[in-house]
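A.B. asks: Before I ask anything, here is the structure I am working with.
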Amino acid sequence: MITSVTDDFWVLETSQMAYACGLDPDGRLVHTYWGARLPAQADYPRPQATPESSSFNQPAQLVAEEYPAYGGPKYTEPCLKASFPDGTRDLDLRFVGATIEAEGQPTLHLRLRDAVYPFTVTLHYRLHEDHGLIERSATIRHEGDGPAVMLERVWSAQWHFPAQQQTRLTHLAGRWYDEFALHRETLTPGVKVLESRRVTTGHDHQPWFALDLGGAQEDHGDVWFGALAWSGNWKLAAEVTAFSTTRVSLGVNDWDFAWQLNPGESFVTPSCLAGFTQAGHGGASQRMHDFIRDRVLPDGHTLRPVLYNSWEATFFDVDESSQTRLAEVAADLGTELFVVDDGWFHGRNLDNAGLGDWWPDARKFPNGLTPLIERVKALGMTFGLWVEPEMVNPDSDLYRAHPDWVIHFPSRPRTEARGQLILNVARPEVQAYLTDTLSRLLQENDIRFIKWDMNRSVSEPGWPDAPGDPRELWVRYVQGFYQILSTLREQHPQVRWQTCSGGGGRVDLGVLRLASQAWVSDNTHAAARLAIQDGYSRVFPANTMEAWVTDADRGELPLEFRLHVSMLGLLGLGGQLLDWTQAEREVARTQIALYKSIRHLVQRGDQYRLRSAQEQAYSAVQYLSKDRSEGVLFAFRTHLARPATLPPLYLRGLEPGALYAVEGMEGPRSAEAWMHMGLSLGLGDYQSAVRKIQRLLG
Ligand code: DGJ
């Protein structure tokens, strides 16, 4: 519920969280409260006058503004920085009005206008009451008819936290092949920046944060968390001020950014979602999972099929017969979706040619893809295909015809990475080419799944004939990418999409509006994968987490262990199945059947990280159905020096007072016994267990 307590003070409440802001006596729009819901509206603090601290620290510098703009005596991170045609680089935003939209998800709109210039900022606060989340964005508008205003920074939101000496930031960091490592650090005065400058979300950091005051644990304690729904350059600035106040701002990266805002035009920022929970870091993740499944994903509740992907089996050696033989074994093991990865299209024999020419290679598929697709369908599977639409190899028909379509500076060499350049998908003609070419591919072939890859980052970010400021590229590129993907989705609703960028380089709440699942990492070693998946689960639900068993650790780790690791998300196979022994195939068949019997719990249930694989060699994850009637427990032991005593695993979330049976354990026992006495498993190095949990009718 959103309440206008007075005409200058607003309270946003969900069942457990509240957020309050209003005008201070000097007319500034300031933040006053974010945390647990309080019993009465009178409990929420009203904005107070802020006295000057010194000539160096005037009130403008001290207050917690909802959306600080650069202007006046302010030196902390602003959300907005603009330059007016007369050279003024100072904003003086004044409140002009508020409206509350009560329909659907209630939304508060707060309108601000510059004191002198025809320039407005509208802040939007959409309340997701069922999920305890606030979605913020801002619309910046040039209301005049004079020359353009240049925007230099336009962030989505600034979030303020209770003043405290110790605030702890949890975030994810990594690199290609090693994504989603968890970091937790106490913030000190100054600004901690996480960002991407690569034109994608990137492998290095996630536009996500969790913040606590030092004491939050996995399953209890106050945690504030948030994420930006954007798949391009982004920036997160976590600032502790000289007065020990903490704020976290998120938005499009202002690094190399500029935007020419013409008269009558608006710039709308991406959304930034944030919430508060008293249920610890695990509770914060569950909120995100539910929200992503319920509100973000195009098909958040549809069960995902068991997939086969050809990449690590055949690499570029893809042809009709190699894929048919793989498909036959994959189907026999229980696979439901057969995906042909890189290597199928015109001129693609290695990574140095072909990108851009999205039709089947005539040598590899003399009769097109149809014979393979028909065979895959006859085997009872659906067919999927890999593409990398934003890319082009110089050795391609497309590049030979349109060398100017790539991102480049005319005076500079075009740096290739993996032998490829990036098409400027901000250009309408590039959007049209890709939409038409891919649409034809989807029309002519019965394809039900597309893996959309992106295997390099930008360099020489030029756009020689840009209609506005060439630095708009960073944003317009992402808008172009969204545009192509959404048009294709509309034209081909039978197709489901996967986001991939050399593994997990483009996973975020923006792309997940269009793609149902993500390839999390090119690292398919099960032991490494446990930690990567744990990090991924901090933000994203298991039904987006594609996980294949390949041959990367074949012979090193038991197949059952590797399959169990992949069963934590969307189980898939990606090995050279023709080399697998009958014994291996039997293990795979059995485990795939087991996965099908529990996937509704993994993909739709609540996830509990009982012991984090980021920190523990003995880790465990539990999934529980929403009605708490059934669940499944996964436990993994990697390497522990002997003698090792494995601690009990304490189940979570069971219905108090109910009786539960846990497969293979003595029982039934009460929910309380499983949760407080726990259960012990005897696992050796690189052994794993999957145990079904069942509530009994009492
Ligand atoms: C990178 C992806 O992450 C891999 O799964 C595979 O699709 C290759 N690209 C193909 O080039």
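Scheme for the structure tokens: letters A, B, ... for chains in order shown; per-chain residue numbers from 1; ligand numbers from 1 in order shown.
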Name all residues at most 7 Å from Thr382 (chain A) (count only C-alpha atoms; drop same-chain ones fewer than 4 positions away) and give them as an MDAnalysis selection string.
C.D. replies: chainID A and resid 336:338 376:377 448
A.B. asks: Please write the residues from the selection above to a file, keeping C-alpha atoms, as a CSV table (one decimal), in the first residue's frame.
C.D. replies:
```
chain,number,residue,atom,x,y,z
A,336,GLU,CA,14.0,-33.8,-24.1
A,337,LEU,CA,15.6,-30.9,-26.0
A,338,PHE,CA,18.5,-31.3,-28.4
A,376,VAL,CA,15.2,-35.2,-33.3
A,377,LYS,CA,11.5,-34.9,-33.2
A,448,ARG,CA,11.8,-24.3,-30.3
```
A.B. asks: I'd like the contact shell of Arg611 (chain A) - 9 Å cut-off, only C-alpha atoms, skipping same-chain residues fewer than 3 positions apart - returned as number ranges by chain.
C.D. replies: A: 608, 614-616, 618-621, 635, 649
A.B. asks: Tell me, which residues of region 470-672 of chain A carry DSSP alpha helix (DSSP H), written as an MDAnalysis selection string?
C.D. replies: chainID A and resid 473:491 526:537 559:566 582:604 671:672
A.B. asks: Using only C-alpha atoms and all ligand atoms, find each protein or nucleic acid residue lying at most 7 Å from ligand 1; present the set as a list of chain:residue names.
C.D. replies: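 Every residue with an atom at most 7 Å from ligand 1 is listed here: A:Trp311, A:Asp341, A:Asp342, A:Trp386, A:Asp453, A:Asn455, A:Cys500, A:Ser501, A:Gly502, A:Gly503, A:Trp519, A:Ser521, A:Asp522.
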A.B. asks: What's around Trp358 (chain A) at 7 Å? Count only C-alpha atoms, leave out sequence neighbours fewer than 5 positions away in its own chain, and write the answer as a list of chain:residue names.
C.D. replies: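 The neighbour list is A:Phe345, A:His346, A:Thr437.
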A.B. asks: Would you compute the distance between CA of Phe409 (chain A) and CA of Phe257 (chain A)? Give it in Å to one decimal.
C.D. replies: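 Taking CA of Phe409 (chain A) and CA of Phe257 (chain A), their separation equals 16.4 Å.
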A.B. asks: Find the spatial neighbours of region 79-83 of chain A, counting only C-alpha atoms, within a cut-off of 10 Å - ignore same-chain residues fewer than 5 positions away - and output them as a ChimeraX atom specification.
C.D. replies: /A:65-71,88-91,121,138,140,148-158,249-251,254,258-261
A.B. asks: For those residues, write C-alpha atoms to a file as an mmCIF file, in the first residue's frame.
C.D. replies:
```
data_model
loop_
_atom_site.group_PDB
_atom_site.id
_atom_site.type_symbol
_atom_site.label_atom_id
_atom_site.label_comp_id
_atom_site.auth_asym_id
_atom_site.auth_seq_id
_atom_site.Cartn_x
_atom_site.Cartn_y
_atom_site.Cartn_z
ATOM 1 C CA GLU A 65 18.086 12.959 -0.847
ATOM 2 C CA GLU A 66 15.943 10.487 -2.713
ATOM 3 C CA TYR A 67 17.473 11.419 -6.049
ATOM 4 C CA PRO A 68 20.350 13.838 -5.596
ATOM 5 C CA ALA A 69 21.258 15.849 -8.652
ATOM 6 C CA TYR A 70 24.621 17.524 -9.070
ATOM 7 C CA GLY A 71 24.150 21.160 -8.080
ATOM 8 C CA THR A 88 25.222 25.814 -16.694
ATOM 9 C CA ARG A 89 26.200 22.509 -15.108
ATOM 10 C CA ASP A 90 24.141 22.791 -11.954
ATOM 11 C CA LEU A 91 20.710 21.366 -11.211
ATOM 12 C CA VAL A 121 12.566 14.600 -13.341
ATOM 13 C CA ALA A 138 13.305 7.938 -13.260
ATOM 14 C CA ILE A 140 14.184 12.836 -17.285
ATOM 15 C CA ALA A 148 19.413 19.968 -26.310
ATOM 16 C CA VAL A 149 20.438 19.356 -22.726
ATOM 17 C CA MET A 150 23.412 17.025 -22.352
ATOM 18 C CA LEU A 151 23.015 14.322 -19.757
ATOM 19 C CA GLU A 152 26.263 13.102 -18.249
ATOM 20 C CA ARG A 153 24.918 10.722 -15.624
ATOM 21 C CA VAL A 154 21.404 9.347 -15.168
ATOM 22 C CA TRP A 155 21.138 6.668 -12.537
ATOM 23 C CA SER A 156 18.033 4.758 -11.597
ATOM 24 C CA ALA A 157 17.997 5.137 -7.820
ATOM 25 C CA GLN A 158 19.876 5.893 -4.679
ATOM 26 C CA SER A 249 23.291 4.001 -6.111
ATOM 27 C CA LEU A 250 22.677 1.959 -9.227
ATOM 28 C CA GLY A 251 22.255 2.870 -12.840
ATOM 29 C CA ASP A 254 28.356 7.201 -16.647
ATOM 30 C CA ALA A 258 26.584 11.088 -22.775
ATOM 31 C CA TRP A 259 23.032 11.611 -23.921
ATOM 32 C CA GLN A 260 21.732 14.436 -26.029
ATOM 33 C CA LEU A 261 18.265 15.154 -24.676
#
```
A.B. asks: Counting only C-alpha atoms, what are the residues of region 219-319 of chain A within 10 Å of region 538-556 of chain A, and for each of them which pair of atoms is the nearest and at what distance in Å, to one decimal? Sort the table by chain and rising number, as JSON lines.
C.D. replies:
```
{"residue": "A:Phe225", "atom": "CA", "partner": "A:Val539", "partner_atom": "CA", "distance": 9.7}
{"residue": "A:Gly226", "atom": "CA", "partner": "A:Val539", "partner_atom": "CA", "distance": 9.2}
{"residue": "A:Ala227", "atom": "CA", "partner": "A:Val539", "partner_atom": "CA", "distance": 8.4}
{"residue": "A:His281", "atom": "CA", "partner": "A:Arg538", "partner_atom": "CA", "distance": 8.0}
{"residue": "A:Gly282", "atom": "CA", "partner": "A:Arg538", "partner_atom": "CA", "distance": 7.7}
{"residue": "A:Gly283", "atom": "CA", "partner": "A:Arg538", "partner_atom": "CA", "distance": 9.8}
{"residue": "A:Ala284", "atom": "CA", "partner": "A:Arg538", "partner_atom": "CA", "distance": 8.0}
{"residue": "A:Ser285", "atom": "CA", "partner": "A:Arg538", "partner_atom": "CA", "distance": 5.1}
{"residue": "A:Gln286", "atom": "CA", "partner": "A:Pro541", "partner_atom": "CA", "distance": 8.0}
{"residue": "A:Arg287", "atom": "CA", "partner": "A:Val539", "partner_atom": "CA", "distance": 9.0}
{"residue": "A:Met288", "atom": "CA", "partner": "A:Val539", "partner_atom": "CA", "distance": 6.0}
{"residue": "A:His289", "atom": "CA", "partner": "A:Pro541", "partner_atom": "CA", "distance": 4.5}
{"residue": "A:Asp290", "atom": "CA", "partner": "A:Pro541", "partner_atom": "CA", "distance": 7.6}
{"residue": "A:Phe291", "atom": "CA", "partner": "A:Pro541", "partner_atom": "CA", "distance": 9.3}
{"residue": "A:Ile292", "atom": "CA", "partner": "A:Pro541", "partner_atom": "CA", "distance": 7.3}
{"residue": "A:Arg293", "atom": "CA", "partner": "A:Pro541", "partner_atom": "CA", "distance": 7.3}
{"residue": "A:Leu297", "atom": "CA", "partner": "A:Thr544", "partner_atom": "CA", "distance": 8.9}
{"residue": "A:Gly300", "atom": "CA", "partner": "A:Asn543", "partner_atom": "CA", "distance": 7.7}
{"residue": "A:His301", "atom": "CA", "partner": "A:Asn543", "partner_atom": "CA", "distance": 8.5}
{"residue": "A:Thr302", "atom": "CA", "partner": "A:Asn543", "partner_atom": "CA", "distance": 9.0}
{"residue": "A:Leu303", "atom": "CA", "partner": "A:Asn543", "partner_atom": "CA", "distance": 7.9}
{"residue": "A:Arg304", "atom": "CA", "partner": "A:Asn543", "partner_atom": "CA", "distance": 7.2}
{"residue": "A:Val306", "atom": "CA", "partner": "A:Trp548", "partner_atom": "CA", "distance": 9.4}
{"residue": "A:Leu307", "atom": "CA", "partner": "A:Trp548", "partner_atom": "CA", "distance": 8.0}
{"residue": "A:Tyr308", "atom": "CA", "partner": "A:Trp548", "partner_atom": "CA", "distance": 7.8}
{"residue": "A:Asn309", "atom": "CA", "partner": "A:Trp548", "partner_atom": "CA", "distance": 7.9}
{"residue": "A:Ser310", "atom": "CA", "partner": "A:Thr550", "partner_atom": "CA", "distance": 9.7}
{"residue": "A:Trp311", "atom": "CA", "partner": "A:Thr550", "partner_atom": "CA", "distance": 9.3}
{"residue": "A:Glu312", "atom": "CA", "partner": "A:Thr550", "partner_atom": "CA", "distance": 6.7}
{"residue": "A:Ala313", "atom": "CA", "partner": "A:Thr550", "partner_atom": "CA", "distance": 7.9}
```
A.B. asks: So that I can check the surroundings of Phe56 (chain A), please list as a short mmCIF file (atom, residue, chain, number, x, y, z; two decimals) with all heavy atoms, in the first residue's frame every protein, DNA and RNA residue that reaches within 10 Å of it, counting only C-alpha atoms and ignoring chain neighbours fewer than 6 positions away.
C.D. replies:
```cif
data_model
loop_
_atom_site.label_atom_id
_atom_site.label_comp_id
_atom_site.auth_asym_id
_atom_site.auth_seq_id
_atom_site.Cartn_x
_atom_site.Cartn_y
_atom_site.Cartn_z
N PRO A 73 26.05 23.01 -3.07
CA PRO A 73 27.24 22.54 -2.34
C PRO A 73 27.12 21.06 -1.95
O PRO A 73 26.95 20.73 -0.78
CB PRO A 73 27.27 23.45 -1.10
CG PRO A 73 25.84 23.84 -0.90
CD PRO A 73 25.16 23.84 -2.23
N LYS A 74 27.22 20.18 -2.93
CA LYS A 74 27.09 18.73 -2.70
C LYS A 74 28.29 18.02 -3.29
O LYS A 74 28.66 18.30 -4.43
CB LYS A 74 25.85 18.19 -3.42
CG LYS A 74 24.54 18.56 -2.85
CD LYS A 74 23.46 17.83 -3.65
CE LYS A 74 22.30 18.74 -3.94
NZ LYS A 74 21.35 18.18 -4.87
N TYR A 75 28.82 17.07 -2.55
CA TYR A 75 30.06 16.42 -2.99
C TYR A 75 29.98 14.91 -2.93
O TYR A 75 30.96 14.23 -3.21
CB TYR A 75 31.24 16.96 -2.16
CG TYR A 75 31.18 18.46 -2.11
CD1 TYR A 75 30.63 19.12 -1.00
CD2 TYR A 75 31.55 19.23 -3.22
CE1 TYR A 75 30.49 20.48 -0.99
CE2 TYR A 75 31.39 20.60 -3.22
CZ TYR A 75 30.86 21.22 -2.09
OH TYR A 75 30.70 22.58 -2.10
#
```
A.B. asks: Neighbours of Ala49 (chain A) within 12 Å (only C-alpha atoms; same-chain residues fewer than 4 positions away dropped), as a CSV table (one decimal) with all heavy atoms, in the first residue's frame?
C.D. replies:
```csv
chain,number,residue,atom,x,y,z
A,22,GLY,N,9.8,12.1,2.1
A,22,GLY,CA,9.0,13.3,2.1
A,22,GLY,C,9.8,14.6,1.9
A,22,GLY,O,11.1,14.5,1.7
A,23,LEU,N,9.2,15.7,2.0
A,23,LEU,CA,9.9,17.0,1.8
A,23,LEU,C,10.4,17.5,3.2
A,23,LEU,O,9.6,17.5,4.2
A,23,LEU,CB,8.9,18.0,1.2
A,23,LEU,CG,8.4,17.6,-0.2
A,23,LEU,CD1,7.5,18.8,-0.7
A,23,LEU,CD2,9.5,17.3,-1.1
A,24,ASP,N,11.6,17.9,3.2
A,24,ASP,CA,12.1,18.5,4.5
A,24,ASP,C,11.7,20.0,4.5
A,24,ASP,O,11.1,20.5,3.5
A,24,ASP,CB,13.6,18.3,4.7
A,24,ASP,CG,14.5,19.1,3.8
A,24,ASP,OD1,13.9,20.0,3.1
A,24,ASP,OD2,15.7,18.9,3.8
A,25,PRO,N,11.9,20.7,5.6
A,25,PRO,CA,11.4,22.0,5.8
A,25,PRO,C,12.0,23.0,4.7
A,25,PRO,O,11.5,24.0,4.4
A,25,PRO,CB,11.8,22.5,7.2
A,25,PRO,CG,11.9,21.2,7.9
A,25,PRO,CD,12.4,20.1,6.9
A,26,ASP,N,13.1,22.5,4.1
A,26,ASP,CA,13.7,23.4,3.0
A,26,ASP,C,13.2,22.9,1.6
A,26,ASP,O,13.7,23.4,0.6
A,26,ASP,CB,15.2,23.3,3.0
A,26,ASP,CG,15.8,24.0,4.3
A,26,ASP,OD1,15.3,25.0,4.6
A,26,ASP,OD2,16.6,23.4,5.0
A,27,GLY,N,12.2,22.0,1.6
A,27,GLY,CA,11.7,21.6,0.3
A,27,GLY,C,12.4,20.5,-0.4
A,27,GLY,O,12.1,20.2,-1.5
A,28,ARG,N,13.4,19.9,0.2
A,28,ARG,CA,14.2,18.8,-0.4
A,28,ARG,C,13.4,17.5,-0.3
A,28,ARG,O,12.9,17.2,0.8
A,28,ARG,CB,15.6,18.7,0.2
A,28,ARG,CG,16.5,19.8,-0.1
A,28,ARG,CD,17.9,19.4,0.5
A,28,ARG,NE,18.7,20.6,0.6
A,28,ARG,CZ,18.7,21.4,1.7
A,28,ARG,NH1,18.1,21.0,2.8
A,28,ARG,NH2,19.4,22.5,1.7
A,29,LEU,N,13.5,16.7,-1.3
A,29,LEU,CA,12.8,15.4,-1.2
A,29,LEU,C,13.8,14.4,-0.6
A,29,LEU,O,14.9,14.1,-1.2
A,29,LEU,CB,12.5,14.9,-2.6
A,29,LEU,CG,11.8,13.5,-2.7
A,29,LEU,CD1,10.5,13.4,-1.9
A,29,LEU,CD2,11.6,13.1,-4.2
A,30,VAL,N,13.5,14.0,0.7
A,30,VAL,CA,14.5,13.2,1.4
A,30,VAL,C,14.0,11.9,1.9
A,30,VAL,O,12.7,11.7,2.0
A,30,VAL,CB,15.1,14.0,2.6
A,30,VAL,CG1,15.8,15.3,2.2
A,30,VAL,CG2,14.0,14.3,3.6
A,58,GLN,N,27.4,21.9,4.3
A,58,GLN,CA,26.1,22.5,4.5
A,58,GLN,C,25.0,21.5,4.4
A,58,GLN,O,25.2,20.3,4.0
A,58,GLN,CB,26.0,23.6,3.4
A,58,GLN,CG,27.1,24.6,3.5
A,58,GLN,CD,26.9,25.7,2.5
A,58,GLN,OE1,25.8,26.1,2.2
A,58,GLN,NE2,28.0,26.3,2.1
A,59,PRO,N,23.8,21.9,4.7
A,59,PRO,CA,22.7,20.9,4.7
A,59,PRO,C,22.6,20.1,3.4
A,59,PRO,O,22.3,18.9,3.4
A,59,PRO,CB,21.4,21.7,5.0
A,59,PRO,CG,22.0,22.9,5.7
A,59,PRO,CD,23.4,23.2,5.2
A,60,ALA,N,22.8,20.7,2.3
A,60,ALA,CA,22.7,20.0,1.0
A,60,ALA,C,23.6,18.8,0.9
A,60,ALA,O,23.3,17.8,0.3
A,60,ALA,CB,23.0,21.0,-0.2
A,62,LEU,N,24.5,17.1,3.6
A,62,LEU,CA,24.2,16.2,4.7
A,62,LEU,C,23.0,15.4,4.5
A,62,LEU,O,22.9,14.3,5.1
A,62,LEU,CB,24.2,17.0,6.0
A,62,LEU,CG,25.4,17.8,6.3
A,62,LEU,CD1,25.2,18.6,7.6
A,62,LEU,CD2,26.6,16.9,6.6
A,63,VAL,N,22.0,15.9,3.8
A,63,VAL,CA,20.7,15.2,3.8
A,63,VAL,C,20.7,14.0,2.9
A,63,VAL,O,21.6,13.9,2.0
A,63,VAL,CB,19.6,16.1,3.3
A,63,VAL,CG1,19.3,17.3,4.2
A,63,VAL,CG2,19.9,16.7,1.9
A,64,ALA,N,19.8,13.1,3.2
A,64,ALA,CA,19.7,11.8,2.4
A,64,ALA,C,18.6,12.1,1.3
A,64,ALA,O,17.5,11.8,1.5
A,64,ALA,CB,19.2,10.7,3.3
```
A.B. asks: Nearest residue to His205 (chain A) out of A:Gly505, A:Ile422, A:Val5, A:Arg585, using only C-alpha atoms?
C.D. replies: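 Under the stated criterion, the closest residue is A:Gly505.
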A.B. asks: Could you tell me which of A:Val520, A:Ala432, A:Val565, A:Ala238 comes closest to Tyr177 (chain A) if we count only C-alpha atoms?
C.D. replies: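 Using only C-alpha atoms, the shortest distance to Tyr177 (chain A) belongs to A:Val520.
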A.B. asks: As a VMD selection string, which residues of region 211-399 of chain A does DSSP assign to strand (DSSP E)?
C.D. replies: chain A and resid 211 to 212 223 to 228 234 to 240 246 to 252 259 to 261 266 to 268 272 to 277 307 to 309 337 to 340 382 to 387 391 to 392
A.B. asks: Within 8 Å of Leu559 (chain A), counting only C-alpha atoms, which residues show up once you throw out same-chain ones fewer than 4 positions away? Write them as a PyMOL selection string, please.
C.D. replies: chain A and resi 554+563+584+587-588
A.B. asks: Take the residues just selected and output them with all heavy atoms as a CSV table (one decimal), in the first residue's frame.
C.D. replies:
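File part32.csv, as written:
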```
chain,number,residue,atom,x,y,z
A,554,ARG,N,35.4,-35.9,-16.7
A,554,ARG,CA,35.1,-37.3,-16.8
A,554,ARG,C,36.4,-38.1,-16.4
A,554,ARG,O,37.5,-37.7,-16.8
A,554,ARG,CB,34.8,-37.6,-18.3
A,554,ARG,CG,34.4,-39.0,-18.6
A,554,ARG,CD,33.8,-39.2,-19.9
A,554,ARG,NE,33.5,-40.6,-20.2
A,554,ARG,CZ,34.0,-41.2,-21.3
A,554,ARG,NH1,34.7,-40.6,-22.1
A,554,ARG,NH2,33.7,-42.5,-21.4
A,563,LEU,N,26.3,-35.4,-12.1
A,563,LEU,CA,24.9,-35.2,-12.4
A,563,LEU,C,24.2,-34.5,-11.3
A,563,LEU,O,23.3,-33.6,-11.5
A,563,LEU,CB,24.3,-36.6,-12.7
A,563,LEU,CG,24.7,-37.2,-14.1
A,563,LEU,CD1,24.5,-38.7,-14.1
A,563,LEU,CD2,23.8,-36.6,-15.2
A,584,GLU,N,28.1,-45.9,-17.8
A,584,GLU,CA,27.9,-44.4,-17.7
A,584,GLU,C,26.5,-44.1,-18.2
A,584,GLU,O,25.8,-43.2,-17.6
A,584,GLU,CB,28.9,-43.6,-18.4
A,584,GLU,CG,30.3,-43.6,-17.8
A,584,GLU,CD,31.3,-42.9,-18.6
A,584,GLU,OE1,31.6,-43.3,-19.8
A,584,GLU,OE2,31.9,-41.9,-18.2
A,587,VAL,N,23.9,-44.9,-15.6
A,587,VAL,CA,23.9,-43.9,-14.5
A,587,VAL,C,23.1,-42.7,-14.9
A,587,VAL,O,22.3,-42.1,-14.2
A,587,VAL,CB,25.3,-43.5,-14.0
A,587,VAL,CG1,25.3,-42.4,-13.0
A,587,VAL,CG2,26.1,-44.7,-13.4
A,588,ALA,N,23.5,-42.2,-16.1
A,588,ALA,CA,22.8,-41.0,-16.6
A,588,ALA,C,21.3,-41.2,-16.8
A,588,ALA,O,20.5,-40.3,-16.3
A,588,ALA,CB,23.4,-40.6,-18.0
```
A.B. asks: Quick one, how far is CA of Asp130 (chain A) from CA of Pro298 (chain A)?
C.D. replies: 18.3 Å
A.B. asks: Which one of A:Gly202, A:Gly384, A:Gly221, A:Pro467 sits closest to Met454 (chain A) if you count only C-alpha atoms?
C.D. replies: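 Among the listed residues, the smallest separation from Met454 (chain A) belongs to A:Gly202.
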A.B. asks: With distances taken over only C-alpha atoms, which of A:Ser244, A:Tyr19, A:Arg400, A:Leu509 is nearest to Leu228 (chain A)?
C.D. replies: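 Closest to Leu228 (chain A) of all the choices is A:Leu509.
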A.B. asks: Which is closer to Thr107 (chain A) than all the others in A:Asp299, A:Asp627, A:Asp204, A:Glu129, using only C-alpha atoms?
C.D. replies: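 Once distances to Thr107 (chain A) are computed over only C-alpha atoms, the minimum belongs to A:Glu129.
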